[in-house]
file structure_33.txt (compact mmCIF, N, CA and C atoms)
# COMPACT_ATOMS: atom_id res chain seq x y z
N MET A 1 0.85 -1.20 0.00
CA MET A 1 0.00 0.00 0.00
C MET A 1 0.88 1.24 0.00
N HIS A 2 0.48 2.25 -0.77
CA HIS A 2 1.20 3.52 -0.80
C HIS A 2 0.99 4.26 0.51
N ARG A 3 1.91 5.16 0.79
CA ARG A 3 1.74 5.96 2.01
C ARG A 3 0.52 6.85 1.85
N PRO A 4 -0.13 7.20 2.95
CA PRO A 4 -1.33 8.04 2.86
C PRO A 4 -0.99 9.46 2.41
N ILE A 5 -1.97 10.11 1.83
CA ILE A 5 -1.85 11.52 1.47
C ILE A 5 -1.89 12.31 2.77
N ARG A 6 -0.86 13.12 2.99
CA ARG A 6 -0.74 13.87 4.25
C ARG A 6 -1.33 15.26 4.07
N VAL A 7 -2.30 15.61 4.93
CA VAL A 7 -3.07 16.83 4.78
C VAL A 7 -2.89 17.71 6.01
N ALA A 8 -2.72 19.02 5.79
CA ALA A 8 -2.68 19.99 6.88
C ALA A 8 -3.95 20.84 6.81
N LEU A 9 -4.60 21.02 7.94
CA LEU A 9 -5.78 21.88 8.04
C LEU A 9 -5.31 23.21 8.63
N VAL A 10 -5.47 24.29 7.88
CA VAL A 10 -4.92 25.59 8.27
C VAL A 10 -6.01 26.64 8.36
N GLY A 11 -6.25 27.15 9.57
CA GLY A 11 -7.14 28.28 9.75
C GLY A 11 -8.59 28.04 9.37
N LEU A 12 -9.04 26.80 9.42
CA LEU A 12 -10.45 26.52 9.12
C LEU A 12 -11.30 26.90 10.33
N THR A 13 -12.52 27.34 10.08
CA THR A 13 -13.43 27.63 11.19
C THR A 13 -13.68 26.32 11.94
N PRO A 14 -13.97 26.38 13.24
CA PRO A 14 -14.10 25.15 14.04
C PRO A 14 -15.07 24.12 13.46
N LEU A 15 -16.23 24.56 13.01
CA LEU A 15 -17.21 23.61 12.46
C LEU A 15 -16.67 22.95 11.20
N VAL A 16 -16.16 23.76 10.27
CA VAL A 16 -15.61 23.22 9.03
C VAL A 16 -14.43 22.31 9.33
N ARG A 17 -13.54 22.74 10.23
CA ARG A 17 -12.36 21.93 10.61
C ARG A 17 -12.79 20.56 11.14
N ASP A 18 -13.77 20.53 12.03
CA ASP A 18 -14.21 19.26 12.60
C ASP A 18 -14.81 18.33 11.54
N VAL A 19 -15.62 18.89 10.66
CA VAL A 19 -16.24 18.08 9.60
C VAL A 19 -15.17 17.54 8.66
N VAL A 20 -14.25 18.41 8.21
CA VAL A 20 -13.21 17.99 7.28
C VAL A 20 -12.27 16.98 7.94
N HIS A 21 -11.91 17.21 9.20
CA HIS A 21 -11.03 16.28 9.92
C HIS A 21 -11.67 14.89 9.99
N SER A 22 -12.95 14.84 10.34
CA SER A 22 -13.66 13.55 10.41
C SER A 22 -13.72 12.88 9.04
N LEU A 23 -13.97 13.66 8.01
CA LEU A 23 -14.05 13.13 6.66
C LEU A 23 -12.71 12.50 6.25
N ILE A 24 -11.62 13.21 6.45
CA ILE A 24 -10.30 12.70 6.08
C ILE A 24 -9.93 11.49 6.95
N ALA A 25 -10.23 11.55 8.23
CA ALA A 25 -9.90 10.44 9.13
C ALA A 25 -10.63 9.15 8.73
N SER A 26 -11.73 9.27 8.05
CA SER A 26 -12.49 8.08 7.65
C SER A 26 -11.94 7.44 6.37
N GLU A 27 -10.97 8.07 5.74
CA GLU A 27 -10.39 7.56 4.49
C GLU A 27 -9.08 6.84 4.76
N ARG A 28 -8.92 5.64 4.24
CA ARG A 28 -7.72 4.85 4.47
C ARG A 28 -6.48 5.43 3.79
N ASP A 29 -6.68 6.17 2.71
CA ASP A 29 -5.54 6.68 1.95
C ASP A 29 -5.17 8.12 2.29
N MET A 30 -5.70 8.65 3.39
CA MET A 30 -5.42 10.03 3.80
C MET A 30 -5.17 10.08 5.30
N ARG A 31 -4.38 11.12 5.70
CA ARG A 31 -4.11 11.32 7.12
C ARG A 31 -3.97 12.81 7.38
N VAL A 32 -4.60 13.30 8.45
CA VAL A 32 -4.41 14.69 8.87
C VAL A 32 -3.06 14.76 9.57
N GLU A 33 -2.15 15.50 8.98
CA GLU A 33 -0.78 15.62 9.50
C GLU A 33 -0.65 16.75 10.51
N ALA A 34 -1.45 17.82 10.32
CA ALA A 34 -1.37 18.98 11.21
C ALA A 34 -2.67 19.75 11.19
N VAL A 35 -3.01 20.34 12.33
CA VAL A 35 -4.14 21.26 12.45
C VAL A 35 -3.56 22.53 13.08
N ILE A 36 -3.50 23.61 12.28
CA ILE A 36 -2.84 24.83 12.73
C ILE A 36 -3.64 26.06 12.34
N GLU A 37 -3.24 27.20 12.89
CA GLU A 37 -3.82 28.49 12.52
C GLU A 37 -2.95 29.13 11.42
N HIS A 38 -3.48 30.14 10.76
CA HIS A 38 -2.75 30.81 9.68
C HIS A 38 -1.36 31.26 10.13
N ARG A 39 -1.28 31.82 11.33
CA ARG A 39 0.00 32.39 11.80
C ARG A 39 1.08 31.32 11.96
N GLU A 40 0.69 30.06 12.08
CA GLU A 40 1.65 28.97 12.26
C GLU A 40 2.13 28.39 10.92
N LEU A 41 1.54 28.81 9.82
CA LEU A 41 1.86 28.25 8.51
C LEU A 41 3.34 28.37 8.13
N PRO A 42 4.01 29.49 8.38
CA PRO A 42 5.42 29.56 8.00
C PRO A 42 6.28 28.47 8.65
N HIS A 43 5.92 28.04 9.84
CA HIS A 43 6.69 27.00 10.53
C HIS A 43 6.46 25.63 9.92
N LEU A 44 5.28 25.41 9.39
CA LEU A 44 4.95 24.12 8.78
C LEU A 44 5.40 24.07 7.33
N ARG A 45 5.39 25.20 6.66
CA ARG A 45 5.62 25.27 5.23
C ARG A 45 6.94 24.65 4.80
N GLY A 46 7.99 24.77 5.60
CA GLY A 46 9.29 24.26 5.21
C GLY A 46 9.43 22.76 5.33
N ARG A 47 8.50 22.11 5.98
CA ARG A 47 8.59 20.66 6.17
C ARG A 47 8.14 19.91 4.93
N GLU A 48 8.64 18.73 4.76
CA GLU A 48 8.29 17.90 3.61
C GLU A 48 7.19 16.88 3.95
N ASN A 49 6.56 17.03 5.11
CA ASN A 49 5.61 16.01 5.54
C ASN A 49 4.15 16.34 5.23
N VAL A 50 3.90 17.29 4.35
CA VAL A 50 2.53 17.65 3.97
C VAL A 50 2.42 17.62 2.45
N ASP A 51 1.41 16.91 1.96
CA ASP A 51 1.15 16.86 0.52
C ASP A 51 0.12 17.89 0.10
N VAL A 52 -0.87 18.14 0.94
CA VAL A 52 -1.98 19.03 0.60
C VAL A 52 -2.29 19.91 1.80
N TYR A 53 -2.48 21.21 1.55
CA TYR A 53 -2.95 22.14 2.58
C TYR A 53 -4.41 22.46 2.31
N LEU A 54 -5.25 22.38 3.33
CA LEU A 54 -6.63 22.87 3.27
C LEU A 54 -6.63 24.15 4.09
N ILE A 55 -6.80 25.29 3.43
CA ILE A 55 -6.65 26.59 4.07
C ILE A 55 -7.99 27.32 4.11
N GLY A 56 -8.34 27.82 5.28
CA GLY A 56 -9.54 28.64 5.43
C GLY A 56 -9.31 30.00 4.80
N VAL A 57 -10.14 30.38 3.84
CA VAL A 57 -9.98 31.65 3.11
C VAL A 57 -11.33 32.31 2.91
N ALA A 58 -11.29 33.60 2.55
CA ALA A 58 -12.51 34.30 2.15
C ALA A 58 -12.85 33.83 0.74
N ALA A 59 -14.09 33.51 0.49
CA ALA A 59 -14.50 32.92 -0.80
C ALA A 59 -14.15 33.80 -1.99
N ASP A 60 -14.17 35.11 -1.82
CA ASP A 60 -13.94 36.00 -2.96
C ASP A 60 -12.47 36.37 -3.17
N THR A 61 -11.58 35.98 -2.28
CA THR A 61 -10.17 36.34 -2.42
C THR A 61 -9.25 35.14 -2.20
N ALA A 62 -9.72 33.96 -2.55
CA ALA A 62 -8.97 32.74 -2.24
C ALA A 62 -7.56 32.73 -2.81
N ALA A 63 -7.40 33.05 -4.08
CA ALA A 63 -6.08 32.99 -4.71
C ALA A 63 -5.13 33.99 -4.05
N LYS A 64 -5.60 35.20 -3.81
CA LYS A 64 -4.77 36.23 -3.18
C LYS A 64 -4.37 35.81 -1.77
N GLU A 65 -5.33 35.32 -0.99
CA GLU A 65 -5.04 34.91 0.38
C GLU A 65 -4.05 33.75 0.44
N CYS A 66 -4.25 32.75 -0.40
CA CYS A 66 -3.34 31.60 -0.40
C CYS A 66 -1.93 32.05 -0.75
N GLY A 67 -1.80 32.93 -1.74
CA GLY A 67 -0.49 33.44 -2.11
C GLY A 67 0.18 34.19 -0.97
N GLU A 68 -0.59 35.03 -0.27
CA GLU A 68 -0.04 35.78 0.86
C GLU A 68 0.36 34.85 2.00
N LEU A 69 -0.44 33.85 2.28
CA LEU A 69 -0.14 32.93 3.36
C LEU A 69 1.09 32.07 3.06
N LEU A 70 1.23 31.69 1.81
CA LEU A 70 2.35 30.83 1.44
C LEU A 70 3.63 31.60 1.21
N GLY A 71 3.54 32.90 1.01
CA GLY A 71 4.73 33.70 0.80
C GLY A 71 5.36 33.43 -0.56
N GLU A 72 6.62 33.75 -0.69
CA GLU A 72 7.31 33.62 -1.96
C GLU A 72 7.90 32.24 -2.19
N SER A 73 7.91 31.40 -1.18
CA SER A 73 8.50 30.08 -1.37
C SER A 73 7.59 29.22 -2.23
N MET A 74 8.14 28.15 -2.74
CA MET A 74 7.36 27.23 -3.58
C MET A 74 6.20 26.67 -2.76
N PRO A 75 4.99 26.77 -3.27
CA PRO A 75 3.87 26.22 -2.51
C PRO A 75 3.91 24.69 -2.53
N PRO A 76 3.14 24.07 -1.66
CA PRO A 76 3.06 22.61 -1.68
C PRO A 76 2.42 22.16 -3.00
N ARG A 77 2.35 20.89 -3.20
CA ARG A 77 1.83 20.37 -4.46
C ARG A 77 0.40 20.82 -4.73
N ARG A 78 -0.40 20.92 -3.70
CA ARG A 78 -1.79 21.34 -3.90
C ARG A 78 -2.25 22.11 -2.67
N VAL A 79 -2.91 23.25 -2.91
CA VAL A 79 -3.50 24.07 -1.85
C VAL A 79 -4.98 24.16 -2.13
N ILE A 80 -5.79 23.83 -1.13
CA ILE A 80 -7.23 23.89 -1.28
C ILE A 80 -7.76 24.91 -0.28
N GLY A 81 -8.32 26.01 -0.78
CA GLY A 81 -8.91 27.03 0.08
C GLY A 81 -10.37 26.70 0.31
N ILE A 82 -10.78 26.76 1.58
CA ILE A 82 -12.17 26.47 1.93
C ILE A 82 -12.75 27.71 2.61
N SER A 83 -13.90 28.17 2.14
CA SER A 83 -14.53 29.36 2.72
C SER A 83 -14.96 29.10 4.16
N ALA A 84 -15.08 30.17 4.94
CA ALA A 84 -15.41 30.05 6.35
C ALA A 84 -16.74 29.34 6.59
N ASP A 85 -17.67 29.48 5.65
CA ASP A 85 -18.96 28.82 5.83
C ASP A 85 -18.93 27.38 5.32
N GLY A 86 -17.80 26.95 4.76
CA GLY A 86 -17.67 25.57 4.30
C GLY A 86 -18.43 25.25 3.03
N ARG A 87 -18.83 26.26 2.27
CA ARG A 87 -19.64 26.02 1.07
C ARG A 87 -18.87 26.10 -0.23
N GLN A 88 -17.71 26.74 -0.24
CA GLN A 88 -16.95 26.94 -1.47
C GLN A 88 -15.52 26.48 -1.27
N MET A 89 -14.90 26.00 -2.36
CA MET A 89 -13.48 25.69 -2.29
C MET A 89 -12.81 26.12 -3.58
N HIS A 90 -11.51 26.38 -3.47
CA HIS A 90 -10.69 26.81 -4.59
C HIS A 90 -9.42 25.99 -4.54
N VAL A 91 -8.94 25.54 -5.69
CA VAL A 91 -7.75 24.71 -5.75
C VAL A 91 -6.62 25.48 -6.44
N SER A 92 -5.46 25.54 -5.79
CA SER A 92 -4.27 26.14 -6.39
C SER A 92 -3.24 25.05 -6.58
N GLU A 93 -2.69 24.97 -7.75
CA GLU A 93 -1.58 24.04 -8.02
C GLU A 93 -0.30 24.82 -7.79
N LEU A 94 0.37 25.18 -8.84
CA LEU A 94 1.55 26.02 -8.70
C LEU A 94 1.16 27.44 -9.03
N ARG A 95 1.57 28.35 -8.19
CA ARG A 95 1.22 29.74 -8.36
C ARG A 95 1.52 30.19 -9.77
N PRO A 96 0.74 30.97 -10.44
CA PRO A 96 -0.48 31.61 -9.96
C PRO A 96 -1.76 30.91 -10.41
N SER A 97 -1.70 29.67 -10.78
CA SER A 97 -2.87 28.96 -11.28
C SER A 97 -3.82 28.58 -10.16
N THR A 98 -5.03 29.12 -10.20
CA THR A 98 -6.07 28.77 -9.24
C THR A 98 -7.33 28.44 -10.00
N GLU A 99 -7.97 27.36 -9.60
CA GLU A 99 -9.18 26.91 -10.25
C GLU A 99 -10.34 26.99 -9.27
N ASP A 100 -11.40 27.69 -9.64
CA ASP A 100 -12.60 27.76 -8.81
C ASP A 100 -13.43 26.53 -9.13
N VAL A 101 -13.56 25.64 -8.15
CA VAL A 101 -14.30 24.41 -8.40
C VAL A 101 -15.73 24.48 -7.87
N GLY A 102 -16.09 25.62 -7.29
CA GLY A 102 -17.49 25.83 -6.92
C GLY A 102 -17.87 25.22 -5.59
N SER A 103 -19.08 24.74 -5.52
CA SER A 103 -19.65 24.23 -4.27
C SER A 103 -18.83 23.10 -3.69
N LEU A 104 -18.79 23.08 -2.38
CA LEU A 104 -18.01 22.08 -1.66
C LEU A 104 -18.91 20.93 -1.23
N SER A 105 -18.51 19.72 -1.58
CA SER A 105 -19.18 18.53 -1.08
C SER A 105 -18.10 17.57 -0.60
N SER A 106 -18.47 16.62 0.23
CA SER A 106 -17.50 15.65 0.75
C SER A 106 -16.82 14.89 -0.37
N ASP A 107 -17.61 14.41 -1.30
CA ASP A 107 -17.05 13.63 -2.41
C ASP A 107 -16.10 14.47 -3.26
N GLU A 108 -16.49 15.69 -3.56
CA GLU A 108 -15.66 16.58 -4.36
C GLU A 108 -14.34 16.87 -3.65
N LEU A 109 -14.39 17.16 -2.33
CA LEU A 109 -13.18 17.45 -1.58
C LEU A 109 -12.23 16.26 -1.59
N LEU A 110 -12.72 15.06 -1.35
CA LEU A 110 -11.87 13.87 -1.35
C LEU A 110 -11.25 13.64 -2.72
N GLU A 111 -12.01 13.87 -3.78
CA GLU A 111 -11.49 13.69 -5.13
C GLU A 111 -10.36 14.67 -5.42
N VAL A 112 -10.55 15.94 -5.01
CA VAL A 112 -9.52 16.95 -5.24
C VAL A 112 -8.24 16.63 -4.46
N ILE A 113 -8.38 16.15 -3.23
CA ILE A 113 -7.20 15.76 -2.44
C ILE A 113 -6.48 14.60 -3.14
N ARG A 114 -7.21 13.62 -3.60
CA ARG A 114 -6.60 12.46 -4.24
C ARG A 114 -5.91 12.79 -5.55
N GLU A 115 -6.36 13.84 -6.23
CA GLU A 115 -5.75 14.24 -7.50
C GLU A 115 -4.39 14.88 -7.31
N ALA A 116 -4.05 15.26 -6.09
CA ALA A 116 -2.77 15.92 -5.83
C ALA A 116 -1.64 14.93 -6.04
N PRO A 117 -0.60 15.34 -6.74
CA PRO A 117 0.57 14.47 -6.86
C PRO A 117 1.21 14.32 -5.48
N HIS A 118 1.58 13.13 -5.13
CA HIS A 118 2.24 12.90 -3.84
C HIS A 118 3.20 11.74 -3.92

call {"tool": "encode", "arguments": {"input": "structure_33.txt", "output": "structure tokens"}}
result
Amino acid sequence: MHRPIRVALVGLTPLVRDVVHSLIASERDMRVEAVIEHRELPHLRGRENVDVYLIGVAADTAAKECGELLGESMPPRRVIGISADGRQMHVSELRPSTEDVGSLSSDELLEVIREAPH
């Protein structure tokens, strides 16, 4: 079996964080590696133990916010911004490419995480 996809939950609202954490924990091929706030991201960013970041962002400024949070260093393989209300998500591959994937559902989120190269 391949190693699980390692996911960091960054700055998600408590309700969204709990739902997403439970969803990922129920998947055999995924593992929550870290649960942190935005201000802690620079400390985690340099590590090689995260494949995908799920970042809490404002729905209308997802690409800008993810870029500011990640700074000038190379972003991880996949960044998924989730709105505070948990209804929208945005996927960033390598800066500056961001794709608005629209409404957030459990199945859609798991599919987007699995599509990340790892």

call {"tool": "atom_distance", "arguments": {"input": "structure_33.txt", "atom1": "atom N of Val35 (chain A)", "atom2": "CA of Val10 (chain A)"}}
result
6.9 Å

call {"tool": "atom_distance", "arguments": {"input": "structure_33.txt", "atom1": "atom C of Arg17 (chain A)", "atom2": "atom C of Val79 (chain A)"}}
result
15.8 Å

call {"tool": "closest_residue", "arguments": {"input": "structure_33.txt", "among": "A:His90, A:Glu111, A:Ile82, A:Ala8", "to": "Ile36 (chain A)", "atoms": "only N, CA and C atoms"}}
result
A:Ala8

call {"tool": "residues_around", "arguments": {"input": "structure_33.txt", "residues": "Asn49 (chain A)", "least_positions_apart": "4", "cutoff": "7 Å", "atoms": "only N, CA and C atoms", "output": "JSON, numbers by chain"}}
result
{"A": [6, 7, 33]}

call {"tool": "residues_around", "arguments": {"input": "structure_33.txt", "residues": "Arg28 (chain A)", "least_positions_apart": "6", "cutoff": "10 Å", "atoms": "only C-alpha atoms", "output": "list in words"}}
result
Arg3, Pro4 and Ile5 of chain A

call {"tool": "residues_around", "arguments": {"input": "structure_33.txt", "residues": "Ser103 (chain A)", "least_positions_apart": "6", "cutoff": "9 Å", "atoms": "only C-alpha atoms", "output": "number ranges by chain"}}
result
A: 86-89

call {"tool": "residues_around", "arguments": {"input": "structure_33.txt", "residues": "Leu12 (chain A)", "least_positions_apart": "3", "cutoff": "7 Å", "atoms": "only C-alpha atoms", "output": "compact mmCIF listing (two decimals) with N, CA and C atoms, in the coordinates of the input"}}
result
# COMPACT_ATOMS: atom_id res chain seq x y z
N LEU A 9 -4.60 21.02 7.94
CA LEU A 9 -5.78 21.88 8.04
C LEU A 9 -5.31 23.21 8.63
N VAL A 16 -16.16 23.76 10.27
CA VAL A 16 -15.61 23.22 9.03
C VAL A 16 -14.43 22.31 9.33
N ARG A 17 -13.54 22.74 10.23
CA ARG A 17 -12.36 21.93 10.61
C ARG A 17 -12.79 20.56 11.14
N ILE A 55 -6.80 25.29 3.43
CA ILE A 55 -6.65 26.59 4.07
C ILE A 55 -7.99 27.32 4.11
N GLY A 56 -8.34 27.82 5.28
CA GLY A 56 -9.54 28.64 5.43
C GLY A 56 -9.31 30.00 4.80
N ALA A 84 -15.08 30.17 4.94
CA ALA A 84 -15.41 30.05 6.35
C ALA A 84 -16.74 29.34 6.59

call {"tool": "atom_distance", "arguments": {"input": "structure_33.txt", "atom1": "atom C of Ser106 (chain A)", "atom2": "atom C of Pro42 (chain A)"}}
result
28.3 Å

call {"tool": "closest_residue", "arguments": {"input": "structure_33.txt", "among": "A:Ser83, A:Val32, A:Ile113, A:Ala25", "to": "Thr13 (chain A)", "atoms": "all atoms listed in the file"}}
result
A:Ser83
